[in-house]
>>> print(open('coords.csv').read())   # CSV, C-alpha atoms
chain,number,residue,atom,x,y,z
A,105,PRO,CA,-52.6,29.3,-91.8
A,106,LEU,CA,-51.5,25.8,-90.8
A,107,ILE,CA,-53.3,24.2,-93.8
A,108,ARG,CA,-54.3,25.4,-97.2
A,109,ASN,CA,-56.5,23.9,-99.8
A,110,THR,CA,-53.9,22.7,-102.2
A,111,ARG,CA,-56.2,23.5,-105.1
A,112,GLU,CA,-55.7,27.2,-104.1
A,113,ILE,CA,-51.9,26.9,-103.9
A,114,ARG,CA,-50.1,28.7,-106.6
A,115,MET,CA,-46.5,27.5,-106.5
A,116,LYS,CA,-44.0,30.0,-107.7
A,117,PRO,CA,-42.0,28.6,-110.6
A,118,VAL,CA,-38.5,27.6,-109.4
A,119,ARG,CA,-35.5,27.5,-111.7
A,120,ALA,CA,-33.1,24.7,-111.2
A,121,SER,CA,-30.2,27.2,-111.0
A,122,GLU,CA,-31.9,28.8,-108.0
A,123,LEU,CA,-31.5,25.5,-106.2
A,124,GLY,CA,-27.9,24.9,-107.3
A,125,ILE,CA,-29.0,22.1,-109.6
A,126,ASP,CA,-27.6,21.2,-113.0
A,127,ILE,CA,-30.3,19.0,-114.6
A,128,ALA,CA,-27.9,17.6,-117.3
A,129,ALA,CA,-25.3,16.8,-114.7
A,130,ILE,CA,-27.8,15.0,-112.5
A,131,ASP,CA,-29.0,12.9,-115.5
A,132,ARG,CA,-25.4,11.9,-116.1
A,133,GLN,CA,-25.0,11.0,-112.5
A,134,LEU,CA,-28.1,8.9,-112.4
A,135,ASP,CA,-27.1,7.1,-115.7
A,136,ASP,CA,-23.8,6.3,-113.9
A,137,ARG,CA,-25.9,4.9,-110.9
A,138,ARG,CA,-24.8,7.7,-108.7
A,139,GLY,CA,-27.0,9.7,-106.4
A,140,LEU,CA,-28.3,13.3,-106.3
A,141,PRO,CA,-26.0,16.2,-105.3
A,142,ILE,CA,-25.3,16.1,-101.6
A,143,HIS,CA,-26.7,19.5,-100.9
A,144,MET,CA,-30.2,18.4,-102.0
A,145,TYR,CA,-30.5,16.4,-98.8
A,146,SER,CA,-30.0,19.4,-96.5
A,147,ASP,CA,-30.7,22.6,-98.5
A,148,PRO,CA,-33.6,24.5,-96.9
A,149,LYS,CA,-34.7,25.7,-100.4
A,150,VAL,CA,-34.9,22.2,-101.7
A,151,TYR,CA,-36.8,21.1,-98.6
A,152,ASP,CA,-39.4,23.9,-99.0
A,153,LEU,CA,-39.9,22.9,-102.6
A,154,GLU,CA,-40.4,19.2,-101.7
A,155,ILE,CA,-42.8,20.1,-99.0
A,156,ALA,CA,-44.9,22.3,-101.3
A,157,ALA,CA,-44.7,20.0,-104.4
A,158,ILE,CA,-44.9,16.6,-102.8
A,159,PHE,CA,-46.1,16.5,-99.2
A,160,GLU,CA,-48.8,19.2,-99.6
A,161,ARG,CA,-50.1,17.8,-102.9
A,162,THR,CA,-50.1,14.0,-102.8
A,163,TRP,CA,-51.2,11.0,-100.7
A,164,GLN,CA,-48.8,10.1,-97.8
A,165,TYR,CA,-48.6,7.0,-95.7
A,166,PHE,CA,-49.9,7.9,-92.2
A,167,CYS,CA,-50.1,4.7,-90.0
A,168,PRO,CA,-50.9,1.0,-90.0
A,169,ILE,CA,-54.7,0.4,-90.1
A,170,GLU,CA,-54.4,-1.7,-86.9
A,171,LYS,CA,-53.9,1.5,-84.9
A,172,LEU,CA,-57.4,2.6,-85.9
A,173,LYS,CA,-59.4,-0.6,-85.7
A,174,ARG,CA,-61.8,0.3,-82.9
A,175,ALA,CA,-64.3,3.1,-82.7
A,176,GLY,CA,-62.6,5.8,-80.6
A,177,ASP,CA,-59.1,5.1,-81.8
A,178,ILE,CA,-57.2,8.2,-82.9
A,179,VAL,CA,-53.7,8.7,-84.3
A,180,THR,CA,-51.8,12.0,-84.6
A,181,GLY,CA,-48.9,13.0,-86.8
A,182,MET,CA,-47.4,15.6,-89.1
A,183,VAL,CA,-48.0,15.6,-92.9
A,184,GLY,CA,-45.6,18.1,-94.3
A,185,ARG,CA,-46.2,21.2,-92.2
A,186,THR,CA,-49.7,20.2,-91.2
A,187,PRO,CA,-50.6,18.6,-87.8
A,188,VAL,CA,-53.2,15.8,-88.5
A,189,VAL,CA,-55.4,13.6,-86.5
A,190,VAL,CA,-57.1,10.6,-87.9
A,191,THR,CA,-60.1,9.1,-86.0
A,192,ARG,CA,-62.3,6.1,-86.1
A,193,ALA,CA,-65.8,7.4,-85.3
A,194,GLU,CA,-68.6,5.6,-83.6
A,195,ASP,CA,-70.1,4.7,-87.0
A,196,GLY,CA,-66.9,3.0,-88.0
A,197,LYS,CA,-65.8,5.6,-90.5
A,198,LEU,CA,-62.3,7.1,-90.6
A,199,HIS,CA,-62.0,10.9,-90.5
A,200,GLY,CA,-58.9,13.0,-91.4
A,201,LEU,CA,-58.8,16.3,-89.5
A,202,VAL,CA,-56.4,19.1,-88.9
A,203,ASN,CA,-55.2,18.8,-85.3
A,204,VAL,CA,-55.9,22.5,-84.6
A,205,CYS,CA,-58.8,24.1,-82.8
A,206,PRO,CA,-60.4,26.8,-84.9
A,207,HIS,CA,-60.8,29.0,-81.9
A,208,ARG,CA,-57.2,29.7,-80.8
A,209,GLY,CA,-55.1,27.3,-82.8
A,210,TYR,CA,-54.3,24.9,-80.0
A,211,THR,CA,-54.1,21.1,-80.6
A,212,VAL,CA,-57.2,19.0,-79.9
A,213,ALA,CA,-55.3,15.7,-79.6
A,214,GLU,CA,-52.0,15.1,-78.0
A,215,GLY,CA,-49.8,12.0,-78.0
A,216,GLU,CA,-49.2,9.8,-81.0
A,217,ARG,CA,-52.0,7.3,-80.3
A,218,GLN,CA,-55.1,7.4,-78.0
A,219,HIS,CA,-58.5,6.0,-77.5
A,220,CYS,CA,-61.2,8.5,-76.6
A,221,LYS,CA,-64.8,9.6,-77.1
A,222,LEU,CA,-64.1,13.2,-78.2
A,223,LEU,CA,-61.4,15.6,-79.1
A,224,LEU,CA,-60.8,18.4,-76.6
A,225,CYS,CA,-58.9,21.6,-76.9
A,226,LYS,CA,-57.3,22.4,-73.5
A,227,TYR,CA,-57.0,26.1,-74.2
A,228,HIS,CA,-60.7,27.0,-73.8
A,229,SER,CA,-62.2,23.5,-73.6
A,230,TRP,CA,-63.9,23.5,-77.0
A,231,SER,CA,-64.8,19.8,-77.7
A,232,PHE,CA,-65.3,18.1,-81.0
A,233,ARG,CA,-66.9,14.8,-82.0
A,234,LEU,CA,-64.7,12.2,-83.7
A,235,ASP,CA,-66.1,13.2,-87.1
A,236,GLY,CA,-64.7,16.7,-86.4
A,237,SER,CA,-68.0,18.5,-85.8
A,238,LEU,CA,-68.1,20.9,-82.9
A,239,LEU,CA,-69.8,19.5,-79.8
A,240,ARG,CA,-69.5,22.2,-77.2
A,241,ALA,CA,-68.0,25.7,-77.1
A,242,PRO,CA,-68.2,27.2,-73.6
A,243,ASP,CA,-69.6,30.7,-73.3
A,244,THR,CA,-71.4,30.5,-76.7
A,245,GLU,CA,-74.6,28.9,-75.5
A,246,ASP,CA,-76.5,32.2,-75.3
A,247,ASP,CA,-75.1,33.6,-78.5
A,248,GLU,CA,-77.8,33.2,-81.1
A,249,THR,CA,-75.5,34.3,-83.9
A,250,PHE,CA,-73.0,31.5,-83.1
A,251,ASP,CA,-73.1,28.9,-85.9
A,252,ARG,CA,-71.7,25.6,-84.6
A,253,SER,CA,-71.5,24.1,-88.1
A,254,ALA,CA,-69.0,26.8,-89.1
A,255,TYR,CA,-66.5,25.8,-86.4
A,256,GLY,CA,-65.8,22.2,-86.9
A,257,LEU,CA,-62.2,21.0,-87.4
A,258,ARG,CA,-60.9,21.4,-90.9
A,259,ARG,CA,-60.8,18.2,-92.9
A,260,VAL,CA,-58.1,16.4,-94.8
A,261,SER,CA,-58.6,13.5,-97.1
A,262,VAL,CA,-58.2,10.0,-95.7
A,263,ASP,CA,-58.1,6.6,-97.4
A,264,THR,CA,-56.9,3.1,-96.9
A,265,PHE,CA,-55.0,0.5,-98.9
A,266,ALA,CA,-54.3,-3.0,-97.6
A,267,GLN,CA,-52.9,-2.7,-94.1
A,268,ALA,CA,-52.2,1.1,-94.3
A,269,VAL,CA,-53.9,4.4,-93.8
A,270,PHE,CA,-53.1,7.3,-96.1
A,271,VAL,CA,-53.9,11.0,-95.9
A,272,ASN,CA,-53.8,14.0,-98.2
A,273,VAL,CA,-54.0,17.5,-96.7
A,274,ASP,CA,-56.1,18.5,-99.7
A,275,PRO,CA,-59.7,18.0,-98.5
A,276,GLU,CA,-60.8,17.7,-102.1
A,277,ALA,CA,-58.1,15.3,-103.3
A,278,LEU,CA,-59.0,12.4,-105.6
A,279,PRO,CA,-59.4,9.1,-103.8
A,280,LEU,CA,-56.2,7.2,-103.4
A,281,ARG,CA,-57.1,4.6,-106.1
A,282,GLN,CA,-58.1,7.2,-108.6
A,283,ALA,CA,-55.0,9.2,-108.0
A,284,PHE,CA,-52.9,6.0,-108.4
A,285,PRO,CA,-54.9,3.7,-110.7
A,286,GLN,CA,-51.8,1.5,-111.1
A,287,LEU,CA,-51.7,0.7,-107.4
A,288,GLU,CA,-54.1,-2.3,-107.3
A,289,PRO,CA,-52.9,-3.9,-110.6
A,290,TRP,CA,-49.3,-3.5,-109.4
A,291,ALA,CA,-50.2,-5.2,-106.1
A,292,ARG,CA,-51.8,-8.1,-107.9
A,293,GLU,CA,-48.9,-8.4,-110.3
A,294,ILE,CA,-46.4,-8.9,-107.5
A,295,GLY,CA,-48.7,-11.1,-105.4
A,296,PHE,CA,-49.2,-8.6,-102.6
A,297,ARG,CA,-52.0,-9.6,-100.3
A,298,GLU,CA,-54.3,-6.7,-99.5
A,299,ASP,CA,-56.2,-8.2,-96.6
A,300,PRO,CA,-56.1,-5.6,-93.8
A,301,GLU,CA,-56.2,-8.4,-91.2
A,302,LEU,CA,-53.1,-10.1,-92.6
A,303,CYS,CA,-50.5,-8.0,-90.6
A,304,THR,CA,-50.4,-7.0,-87.0
A,305,PHE,CA,-48.6,-4.0,-85.6
A,306,ASP,CA,-45.4,-4.9,-83.8
A,307,GLN,CA,-43.3,-1.9,-83.1
A,308,GLU,CA,-42.4,1.5,-84.5
A,309,LEU,CA,-38.9,3.1,-84.4
A,310,ILE,CA,-38.7,6.9,-84.8
A,311,LYS,CA,-35.4,8.6,-85.5
A,312,ASP,CA,-34.7,12.3,-85.9
A,313,GLN,CA,-32.2,13.1,-88.6
A,314,GLU,CA,-30.7,16.4,-89.6
A,315,GLY,CA,-31.5,16.1,-93.3
A,316,ASN,CA,-34.3,16.3,-95.9
A,317,TRP,CA,-36.5,13.2,-96.2
>>> encode(input="coords.csv", output="structure tokens")
Amino acid sequence: PLIRNTREIRMKPVRASELGIDIAAIDRQLDDRRGLPIHMYSDPKVYDLEIAAIFERTWQYFCPIEKLKRAGDIVTGMVGRTPVVVTRAEDGKLHGLVNVCPHRGYTVAEGERQHCKLLLCKYHSWSFRLDGSLLRAPDTEDDETFDRSAYGLRRVSVDTFAQAVFVNVDPEALPLRQAFPQLEPWAREIGFREDPELCTFDQELIKDQEGNW
């Protein structure tokens, strides 16, 4: 599956030695203001652990809120190993969805940023409203056993803070502010201005790098 409810994930315990990590040595390096062992930035085992322990379990920055200001705006991206699309529906609400049609697993939104009225799978033309509910599934109209409500797009959690949109691939995740209660006090302490209208989107630079995040 492309997404799992993280409450159902049972992470296999991993020993530091399996990852080639000496905890005591790392502590000494950090005390000496040195970095982590070099292999931790490229080792596939470390990467898989970070994906499972961090990106599939916690809130992640997704995009500036300005990209989702108008009803019909959508933004796509990857959160760990999960393709995600966030939409601004006609009622003004944000919806976080897995960017995969439940019929044949094809994407329902392509391109990083769009403005549209619905999400469309180009494989068999299943279409979905911007809240993720199924709008139309060709060749099912005469099937009385077909339950449309069971075939909406899978949800992910979405929240906002200041000028940013965050997502969590766990659809039952605690809201961002409950998960990080120190967030707003910290922002006030440093004088950070949370007004979403304060900043405007200028440009985005994307660079592929052969290394862990």
>>> residues_around(input="coords.csv", residues="A:Glu288", least_positions_apart="5", cutoff="12 Å", atoms="all atoms listed in the file", output="PyMOL selection string")
chain A and resi 265-266+280-283+293-298
>>> atom_distance(input="coords.csv", atom1="atom CA of A:Gly196", atom2="atom CA of A:Leu234")
10.4 Å
>>> residues_around(input="coords.csv", residues="A:Lys149", least_positions_apart="5", cutoff="9 Å", atoms="all atoms listed in the file", output="CSV table (one decimal) with C-alpha atoms, in the frame of the given file")
chain,number,residue,atom,x,y,z
A,122,GLU,CA,-31.9,28.8,-108.0
A,123,LEU,CA,-31.5,25.5,-106.2
A,144,MET,CA,-30.2,18.4,-102.0
A,154,GLU,CA,-40.4,19.2,-101.7
>>> atom_distance(input="coords.csv", atom1="atom CA of A:Tyr210", atom2="atom CA of A:Ala241")
14.0 Å
>>> closest_residue(input="coords.csv", among="A:Gly256, A:Asp263, A:Thr180, A:Tyr227", to="A:Leu239", atoms="only C-alpha atoms")
A:Gly256
>>> atom_distance(input="coords.csv", atom1="atom CA of A:Cys167", atom2="atom CA of A:Val269")
5.4 Å
>>> residues_around(input="coords.csv", residues="A:Gly181", least_positions_apart="5", cutoff="9 Å", atoms="all atoms listed in the file", output="ChimeraX atom specification")
/A:166-167,186-190,203,215-216
>>> residues_around(input="coords.csv", residues="stretch 219-225 of chain A", least_positions_apart="2", cutoff="6 Å", atoms="all atoms listed in the file", output="PyMOL selection string")
chain A and resi 176-178+212+227+229-234
>>> residues_around(input="coords.csv", residues="A:Tyr255", least_positions_apart="3", cutoff="7 Å", atoms="only C-alpha atoms", output="number ranges by chain")
A: 206, 238, 252
>>> closest_residue(input="coords.csv", among="A:Tyr151, A:Trp163, A:Trp290, A:Tyr145", to="A:Val260", atoms="all atoms listed in the file")
A:Trp163
>>> closest_residue(input="coords.csv", among="A:Arg217, A:Arg208, A:Lys171, A:His199", to="A:Cys303", atoms="all atoms listed in the file")
A:Lys171
>>> closest_residue(input="coords.csv", among="A:Arg132, A:Gln313, A:Pro168, A:Leu153", to="A:Ala120", atoms="all atoms listed in the file")
A:Leu153
